[in-house]
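Participant: The structure is given below, and queries will be raised subsequently.
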Amino acid sequence: MKQTQSVSANDFEYLRQLVHEHSAVVLSAEKSYLAELHLQPIAESGGFAGIAELVAHLRTQPFNYLHIQTIEALVTNETSFFRDHHPFEALRQYILPELIKKRSPERSLNIWCAACSNGQEPYSIAMLIREHFPLLTNWSIRLIASDFSTKVLARAQKGHYNRLEISRGLSKNLRDKYFHQLDSEWQIKDEIRQMPEFRQLNLMQSWSSLPEIDVIFLRNVLIYYDMATKKDLLKKVKQQLKKDGYLFLGSTETIINLDGSFKKVSFNKSICYQLHNT
């Protein structure tokens, strides 16, 4: 069994610059373990002797798919079903009932998971809608799920999860109702798997392909960016969010000192944001 190789400070600095240039994500020095953990398989599959040889190759080549693979490996975040469950409770108890009343004339809702990773967040929302809001079956519901990484999007679309992933945040009732067991994995049933609309999107690029959004989940994203990029992202959110829409950030994230256009809204233990004009 091969040991994971450490990454030199010089190589990690190159990787940090590569990631920041193409995704604006800022990798802190303590995240060097990510390079050690996630780049070893890329090095091995590419026929390189180790991470150092992989990085040396990347330095000499024009930007290509291997650079993209490397960036995706370093910016992909772990997640779980119904992570930090309070936002989902707020969505179920308060936000969706309110928006259903407001949107009843047009019978349409747009929800966007802006960094969906392996799909647990959009699938959690899909199960919540199917479980608690059967009347929305006849509505036009767009559940858009985007990510920078084409690799995690491909996995999300398949809807396959291992035993550890399926045990994190998902009740036995929902697991048995909405998943099939396939040997050591579980696959989400088509009625849920077909609800999210997965698409590749670099948040630093144009959002013009997106509709106006009622609820944006931008959770655990801002923490990876510098101050200027956070402000730029929130300007784009402001343009994309409907005037009475809601924005969810991660439990440790805040808009304080970033953008005065938003106000904090609390629903029990969940905090989200709306534009001040609502």
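Chain labels run A, B, ... following the order of the structure tokens; each chain numbers its residues from 1, and ligands are numbered from 1 in the order shown.
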Using only C-alpha atoms, which residues sit within 10 Å of A:Gln274 once same-chain residues fewer than 3 positions away are excluded, as an MDAnalysis selection string?
Facilitator: chainID A and resid 215 238 241:248 261:265 277:278
Participant: Would you kindly return, as a ChimeraX atom specification, each protein, DNA or RNA residue with an atom no farther than 12 Å from any atom of A:Leu54, considering only C-alpha atoms and excluding same-chain residues fewer than 2 positions away?
Facilitator: /A:5,7,11-12,14-15,35-36,39-52,56-61,66-67,69-70
Participant: Let's see if you can do this: from backbone DSSP, list all helix (DSSP H, G or I) residues in stretch 162-261 of chain A, as a compact mmCIF listing (two decimals) with N, CA and C atoms, in the first residue's frame.
Facilitator:
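Full text of part-v6.txt as output:
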# COMPACT_ATOMS: atom_id res chain seq x y z
N ARG A 163 -22.47 3.56 2.61
CA ARG A 163 -23.14 3.39 3.91
C ARG A 163 -22.87 4.56 4.85
N LEU A 164 -21.66 5.08 4.82
CA LEU A 164 -21.35 6.22 5.68
C LEU A 164 -22.15 7.45 5.27
N GLU A 165 -22.19 7.74 3.97
CA GLU A 165 -22.91 8.91 3.48
C GLU A 165 -24.40 8.80 3.76
N ILE A 166 -24.96 7.61 3.60
CA ILE A 166 -26.39 7.43 3.78
C ILE A 166 -26.79 7.51 5.25
N SER A 167 -25.82 7.29 6.14
CA SER A 167 -26.11 7.31 7.57
C SER A 167 -25.99 8.70 8.17
N LYS A 172 -33.98 6.78 8.99
CA LYS A 172 -34.25 5.46 8.42
C LYS A 172 -35.53 5.49 7.59
N ASN A 173 -36.51 6.26 8.05
CA ASN A 173 -37.77 6.36 7.32
C ASN A 173 -37.57 6.92 5.91
N LEU A 174 -36.82 8.02 5.80
CA LEU A 174 -36.57 8.61 4.49
C LEU A 174 -35.67 7.72 3.64
N ARG A 175 -34.70 7.09 4.29
CA ARG A 175 -33.82 6.17 3.54
C ARG A 175 -34.63 5.05 2.92
N ASP A 176 -35.49 4.41 3.71
CA ASP A 176 -36.26 3.28 3.20
C ASP A 176 -37.30 3.70 2.18
N LYS A 177 -37.78 4.93 2.30
CA LYS A 177 -38.84 5.41 1.40
C LYS A 177 -38.30 5.88 0.06
N TYR A 178 -37.12 6.49 0.06
CA TYR A 178 -36.65 7.15 -1.16
C TYR A 178 -35.36 6.57 -1.74
N ASP A 190 -35.87 7.31 -8.58
CA ASP A 190 -36.00 8.25 -9.70
C ASP A 190 -36.92 9.42 -9.38
N GLU A 191 -37.95 9.20 -8.58
CA GLU A 191 -38.90 10.29 -8.29
C GLU A 191 -38.20 11.46 -7.60
N ILE A 192 -37.14 11.19 -6.86
CA ILE A 192 -36.35 12.24 -6.23
C ILE A 192 -35.15 12.62 -7.10
N ARG A 193 -34.52 11.62 -7.69
CA ARG A 193 -33.30 11.87 -8.48
C ARG A 193 -33.57 12.79 -9.66
N LEU A 222 -18.83 31.08 1.17
CA LEU A 222 -18.11 32.34 1.38
C LEU A 222 -16.83 32.16 2.18
N ILE A 223 -16.80 31.17 3.05
CA ILE A 223 -15.61 30.98 3.90
C ILE A 223 -14.36 30.67 3.09
N TYR A 224 -14.53 30.27 1.84
CA TYR A 224 -13.37 29.90 1.02
C TYR A 224 -12.84 31.05 0.17
N MET A 227 -12.09 38.71 0.97
CA MET A 227 -13.13 39.72 1.22
C MET A 227 -13.69 40.30 -0.08
N ALA A 228 -12.83 40.64 -1.01
CA ALA A 228 -13.28 41.25 -2.27
C ALA A 228 -14.18 40.29 -3.04
N THR A 229 -13.81 39.02 -3.08
CA THR A 229 -14.61 38.03 -3.81
C THR A 229 -15.94 37.79 -3.13
N LYS A 230 -15.95 37.78 -1.80
CA LYS A 230 -17.21 37.64 -1.07
C LYS A 230 -18.17 38.76 -1.44
N LYS A 231 -17.66 39.98 -1.49
CA LYS A 231 -18.51 41.13 -1.83
C LYS A 231 -19.03 41.03 -3.26
N ASP A 232 -18.18 40.59 -4.17
CA ASP A 232 -18.60 40.41 -5.56
C ASP A 232 -19.70 39.35 -5.66
N LEU A 233 -19.54 38.26 -4.93
CA LEU A 233 -20.54 37.20 -4.94
C LEU A 233 -21.88 37.71 -4.42
N LEU A 234 -21.85 38.47 -3.35
CA LEU A 234 -23.10 38.97 -2.77
C LEU A 234 -23.78 39.98 -3.68
N LYS A 235 -23.02 40.73 -4.46
CA LYS A 235 -23.63 41.62 -5.46
C LYS A 235 -24.39 40.80 -6.49
N LYS A 236 -23.82 39.68 -6.89
CA LYS A 236 -24.48 38.81 -7.86
C LYS A 236 -25.72 38.15 -7.26
N VAL A 237 -25.61 37.77 -5.98
CA VAL A 237 -26.77 37.21 -5.29
C VAL A 237 -27.91 38.22 -5.27
N LYS A 238 -27.57 39.46 -4.98
CA LYS A 238 -28.55 40.55 -4.90
C LYS A 238 -29.32 40.70 -6.22
N GLN A 239 -28.63 40.51 -7.33
CA GLN A 239 -29.26 40.63 -8.64
C GLN A 239 -30.10 39.40 -8.98
N GLN A 240 -29.72 38.24 -8.43
CA GLN A 240 -30.38 36.99 -8.80
C GLN A 240 -31.57 36.66 -7.91
Participant: If you count only C-alpha atoms, which residues fall within 7 Å of A:Met204, apart from same-chain ones fewer than 2 positions away, as an mmCIF file with C-alpha atoms, in the first residue's frame?
Facilitator:
data_model
loop_
_atom_site.group_PDB
_atom_site.id
_atom_site.type_symbol
_atom_site.label_atom_id
_atom_site.label_comp_id
_atom_site.auth_asym_id
_atom_site.auth_seq_id
_atom_site.Cartn_x
_atom_site.Cartn_y
_atom_site.Cartn_z
ATOM 1 C CA SER A 23 -11.981 29.502 -9.053
ATOM 2 C CA ASN A 202 -18.179 28.563 -11.760
ATOM 3 C CA SER A 206 -21.795 34.769 -15.437
#
Participant: Find the distance between atom CA of A:Gln157 and atom CA of A:Lys189 and write it in Å to one decimal.
Facilitator: 11.5 Å
Participant: Quick one, how far is atom CA of A:His276 from atom CA of A:Gln93?
Facilitator: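 Calculated distance between atom CA of A:His276 and atom CA of A:Gln93 is 22.3 Å.
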Participant: Check the DSSP output for the backbone and give back, as a CSV table (one decimal) with N, CA and C atoms, in the first residue's frame, the residues of stretch 7-202 of chain A in strand (DSSP E).
Facilitator:
chain,number,residue,atom,x,y,z
A,108,SER,N,-45.3,28.7,-9.4
A,108,SER,CA,-43.9,28.4,-9.8
A,108,SER,C,-43.0,28.8,-8.7
A,109,LEU,N,-41.9,28.0,-8.4
A,109,LEU,CA,-40.9,28.3,-7.5
A,109,LEU,C,-39.5,27.9,-8.0
A,110,ASN,N,-38.5,28.8,-7.7
A,110,ASN,CA,-37.1,28.5,-8.1
A,110,ASN,C,-36.2,28.4,-6.9
A,111,ILE,N,-35.6,27.3,-6.7
A,111,ILE,CA,-34.7,27.1,-5.6
A,111,ILE,C,-33.3,26.7,-6.2
A,112,TRP,N,-32.2,27.3,-5.6
A,112,TRP,CA,-30.9,27.1,-6.2
A,112,TRP,C,-29.9,26.7,-5.1
A,113,CYS,N,-29.3,25.5,-5.2
A,113,CYS,CA,-28.2,25.1,-4.4
A,113,CYS,C,-26.9,25.4,-5.1
A,140,SER,N,-44.7,24.4,-11.2
A,140,SER,CA,-43.4,24.4,-11.9
A,140,SER,C,-42.3,24.6,-10.8
A,141,ILE,N,-41.7,23.6,-10.4
A,141,ILE,CA,-40.6,23.7,-9.4
A,141,ILE,C,-39.3,23.5,-10.1
A,142,ARG,N,-38.4,24.5,-10.1
A,142,ARG,CA,-37.0,24.4,-10.6
A,142,ARG,C,-36.1,24.3,-9.4
A,143,LEU,N,-35.5,23.1,-9.2
A,143,LEU,CA,-34.5,22.9,-8.1
A,143,LEU,C,-33.2,22.8,-8.8
A,144,ILE,N,-32.5,24.0,-8.9
A,144,ILE,CA,-31.2,24.0,-9.7
A,144,ILE,C,-30.1,23.7,-8.7
A,145,ALA,N,-29.2,22.8,-9.1
A,145,ALA,CA,-28.1,22.4,-8.3
A,145,ALA,C,-26.8,22.5,-9.1
A,146,SER,N,-25.9,23.4,-8.7
A,146,SER,CA,-24.7,23.7,-9.5
A,146,SER,C,-23.5,23.4,-8.6
A,147,ASP,N,-22.4,23.2,-9.3
A,147,ASP,CA,-21.1,23.1,-8.7
A,147,ASP,C,-20.0,23.4,-9.7
A,160,HIS,N,-25.8,7.8,-6.1
A,160,HIS,CA,-25.3,6.6,-5.4
A,160,HIS,C,-24.6,7.1,-4.2
A,161,TYR,N,-24.9,6.5,-3.0
A,161,TYR,CA,-24.2,6.9,-1.8
A,161,TYR,C,-23.8,5.6,-1.0
A,162,ASN,N,-22.6,5.7,-0.3
A,162,ASN,CA,-22.1,4.6,0.4
A,162,ASN,C,-22.8,4.6,1.8
A,179,PHE,N,-34.9,5.5,-1.2
A,179,PHE,CA,-33.6,4.9,-1.7
A,179,PHE,C,-33.8,3.4,-1.9
A,180,HIS,N,-33.1,2.8,-2.9
A,180,HIS,CA,-32.9,1.4,-3.1
A,180,HIS,C,-31.5,1.0,-2.6
A,181,GLN,N,-31.4,-0.2,-2.0
A,181,GLN,CA,-30.1,-0.7,-1.6
A,181,GLN,C,-29.5,-1.5,-2.8
A,182,LEU,N,-28.3,-1.2,-3.1
A,182,LEU,CA,-27.6,-1.9,-4.2
A,182,LEU,C,-26.2,-2.4,-3.6
A,185,GLU,N,-24.1,-0.1,-1.5
A,185,GLU,CA,-24.5,1.3,-1.8
A,185,GLU,C,-26.0,1.4,-1.7
A,186,TRP,N,-26.4,2.7,-1.7
A,186,TRP,CA,-27.8,3.0,-1.8
A,186,TRP,C,-28.0,4.0,-3.0
A,187,GLN,N,-29.1,3.8,-3.7
A,187,GLN,CA,-29.4,4.7,-4.9
A,187,GLN,C,-30.7,5.4,-4.6
A,188,ILE,N,-30.7,6.7,-4.8
A,188,ILE,CA,-31.9,7.4,-4.6
A,188,ILE,C,-32.9,7.1,-5.7
A,196,PRO,N,-33.8,17.5,-9.1
A,196,PRO,CA,-32.8,18.6,-9.3
A,196,PRO,C,-32.4,18.7,-10.7
A,197,GLU,N,-32.0,19.9,-11.1
A,197,GLU,CA,-31.5,20.2,-12.4
A,197,GLU,C,-30.0,20.5,-12.2
A,198,PHE,N,-29.2,19.5,-12.4
A,198,PHE,CA,-27.7,19.7,-12.2
A,198,PHE,C,-27.1,20.4,-13.3
A,199,ARG,N,-26.2,21.3,-13.0
A,199,ARG,CA,-25.4,22.1,-14.0
A,199,ARG,C,-24.1,22.5,-13.5
A,200,GLN,N,-23.1,22.6,-14.4
A,200,GLN,CA,-21.8,23.1,-14.0
A,200,GLN,C,-21.8,24.6,-14.0
Participant: Could you tell me how far atom CA of A:Ile256 lies from atom CA of A:Leu99, in Å and to one decimal?
Facilitator: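 We find that atom CA of A:Ile256 and atom CA of A:Leu99 lie 25.8 Å from each other.
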Participant: When you count only C-alpha atoms, which of these residues is closest to A:Ser32: A:Ala73, A:Leu18, A:Leu218, A:Ala9?
Facilitator: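 Nearest candidate to A:Ser32 out of A:Ala73, A:Leu18, A:Leu218, A:Ala9: A:Ala9.
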Participant: Go through A:Ile71, A:Ala90, A:Met195, A:Val55 and flag the residue nearest A:Pro122, using only C-alpha atoms for the distances.
Facilitator: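 Counting only C-alpha atoms, the residue closest to A:Pro122 is A:Met195.
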Participant: Could you tell me which of A:Glu53, A:Glu212, A:Glu72, A:Glu21 comes closest to A:His38 if we count only C-alpha atoms?
Facilitator: A:Glu72
Participant: Hey, what's within 10 Å of A:Phe133 if we count only C-alpha atoms and toss same-chain stuff fewer than 6 positions away? As a list in words, please?
Facilitator: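 Once the adjacent positions are removed, what remains is Arg92, Leu96, Pro97, Ile100 and Met127 of chain A.
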Participant: Taking N, CA and C atoms for each residue, export the selection above as an mmCIF file, in the first residue's frame.
Facilitator:
data_model
loop_
_atom_site.group_PDB
_atom_site.id
_atom_site.type_symbol
_atom_site.label_atom_id
_atom_site.label_comp_id
_atom_site.auth_asym_id
_atom_site.auth_seq_id
_atom_site.Cartn_x
_atom_site.Cartn_y
_atom_site.Cartn_z
ATOM 1 N N ARG A 92 -39.266 24.257 5.679
ATOM 2 C CA ARG A 92 -40.510 23.485 5.786
ATOM 3 C C ARG A 92 -41.595 24.232 6.555
ATOM 4 N N LEU A 96 -41.362 27.976 2.786
ATOM 5 C CA LEU A 96 -42.167 27.426 1.696
ATOM 6 C C LEU A 96 -43.656 27.723 1.869
ATOM 7 N N PRO A 97 -44.242 27.577 3.061
ATOM 8 C CA PRO A 97 -45.651 27.975 3.199
ATOM 9 C C PRO A 97 -45.901 29.431 2.806
ATOM 10 N N ILE A 100 -45.475 29.743 -1.049
ATOM 11 C CA ILE A 100 -46.575 29.077 -1.753
ATOM 12 C C ILE A 100 -47.782 30.008 -1.835
ATOM 13 N N MET A 127 -36.590 15.755 -1.192
ATOM 14 C CA MET A 127 -37.341 14.876 -0.286
ATOM 15 C C MET A 127 -38.269 15.682 0.606
#
